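Each remark here refers to the structure printed beneath this line.
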Amino acid sequence: MISIEYILLGASILLLLSIIASRISGRLGVPALLVFLLVGMLAGAEGPGGIYFDDPWLAKSLGTVALVFILFAGGLQTSMANIKPVLWKGITLSTLGVIVTAVLVGIFVTLLFNFSVLEGMLLGAVVSSTDVAAVFSILRSKKSALRGKLKPLLEFESGSNDPMAIFLTIGLIYLIIGPTNSVFRLILMFLQQMIFGALLGYFMGKGVVLLINRLRLEYESLYPVLTISFMLLCYGLTAAVGGNGFLAVYIAGIVMGNSRFIHKKSLMHFHDGFAWLMQIIMFLTLGLLVFPSRIVPIIWIGLLVSVFLMFIARPVSVFLCTAFTKMSVKEKTMISWVGLRGAVPIILATFPLLANIPKADMIFNIVFFIVITSALLQGTSIPIVARWLGLDMPYTTTIKYPIDFEHIPDFHSESAEIEVPQNSVIIGKQIVDIGIPPNTLIILICRDRKFFVPNGMTVLQAKDILKIIADKNEIAEVRAIVEQKHIPPETIV
């Protein structure tokens, strides 16, 4: 029995190595998930670390907990204002797109290899979800971004397609281990899980916002504990009544992220950091679970399935789901290529192992190989493909203000940032002369990425970003004053 001191020592070293290695991966344009997996494999039984780990149940349990944290944090960061224009496209991609991908991969595997129809569909379901976080980390490292609505669409699809992939995986295992189980019963189970998951997630999200604002805890440090407790309750309660707990947690996060509650920014930062910790733990655990010698015999199968998934299954599902939209062929092609497979498929690949499904070991190793090839081929080439399609744009970093404004119940003022346009009528005027409402304060100005506190005599310039505090009913009025255009005299008839 290894003492707890040595376990903590080893865990801390692996975490530190992963964090340092992720910095190197960003410079090389390689997804961080690949680095985390590599660290885990090197620490494993067949690597220099020599740590023997062969416990699919523990890996699945850790992966489930990690997914709950990651989906909740992803929901908190999702802006409804950004996803509203792409809502139905995202829902279609995360439901119908997942099903089409799973079916196509299943047919391919069944026809070419010694898989039954259900076993082939199971493999397709396991690899049907995407991980877009790696995509944007690569783009950020290359100082690049995607044009138009591609970013919110891809983020929403990635966050919302995991519950569907999880359901398909569990449902197909249900059909394989129970030959008498019917597809009709599976459809009813799907409707129950999605409806219960969506409803409980929405109402529990609303409820925790009300609780946070009304509870007024004496110690601020207890608010993260409160949100963690709520998040686990949301998942556990939904799963206990037959709903999809992952969907419930994601929707609850979206509801919270688009609501006003005290300590919102600090709580979002906390959950974002905790989600990163969960991702690292998850990848390291899955890396430890892999035995490279077992992957070698299936390399050619994994390569064929991976190529089919990247060049046929994913593009067909994307073009089918966006057939009746106004998206250009280039945009659809970009979405097709940005279909990286992340840790979720590897976690789902542990489900057949626990269910003792025939070919479970083979499925796990094929999935792991697909994730590796997807990260290496698709991940590293995304900036090049975006540039080739003309869909890239310079990456702009978000301005970090030296002060924060937290929402307090019964306080009706809000903070906002308003940029002074090039042709604004207030350019060259002093703040005292622009006529802002009396309850509005310009507390900070960002000019050329430098901050200063203004006074009434400060002269405003184009491209100034004004940090204001105002009554929430007056923010629109202030914005209208700042953004009012100057009309040259010669254009007035």
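Scheme for the structure tokens: letters A, B, ... for chains in order shown; per-chain residue numbers from 1; ligand numbers from 1 in order shown.
Excluding Asn213 of chain A itself and any same-chain residue fewer than 2 positions from it, the protein and nucleic acid residues within 7 Å of it, counting only C-alpha atoms, are Val209, Leu210, Leu211, Leu215, Arg216, Phe261, Ile262 and Pro409 of chain A.
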Report as JSON, numbers by chain: the residues of segment 199-443 of chain A with a DSSP assignment of helix (DSSP H, G or I), based on the backbone of this structure.
{"A": [199, 200, 201, 202, 203, 204, 205, 206, 207, 208, 209, 210, 211, 212, 213, 214, 215, 222, 223, 224, 225, 226, 227, 228, 229, 230, 231, 232, 233, 234, 235, 236, 237, 238, 239, 240, 245, 246, 247, 248, 249, 250, 251, 252, 253, 254, 255, 256, 257, 264, 265, 266, 267, 268, 269, 270, 271, 272, 273, 274, 275, 276, 277, 278, 279, 280, 281, 282, 283, 284, 285, 286, 287, 288, 289, 292, 293, 294, 295, 296, 297, 298, 299, 300, 301, 302, 303, 304, 305, 306, 307, 308, 309, 310, 311, 312, 313, 314, 315, 316, 317, 318, 319, 320, 321, 329, 330, 331, 332, 333, 334, 335, 336, 337, 343, 344, 345, 346, 347, 348, 350, 351, 352, 353, 354, 360, 361, 362, 363, 364, 365, 366, 367, 368, 369, 370, 371, 372, 373, 374, 375, 376, 377, 378, 379, 380, 381, 382, 383, 384, 385, 386, 387, 388, 431, 432, 433]}
Contacts of segment 339-352 of chain A within 8 Å, only C-alpha atoms, excl. fewer than 2 positions in-chain, as a PyMOL selection string:
chain A and resi 33+56-57+59-60+63-64+67+126-132+134-135+162+166+169-170+173+282-283+286+310+314+335-337+354-357+360+363-364+367-368+370-371+374-375+378-379
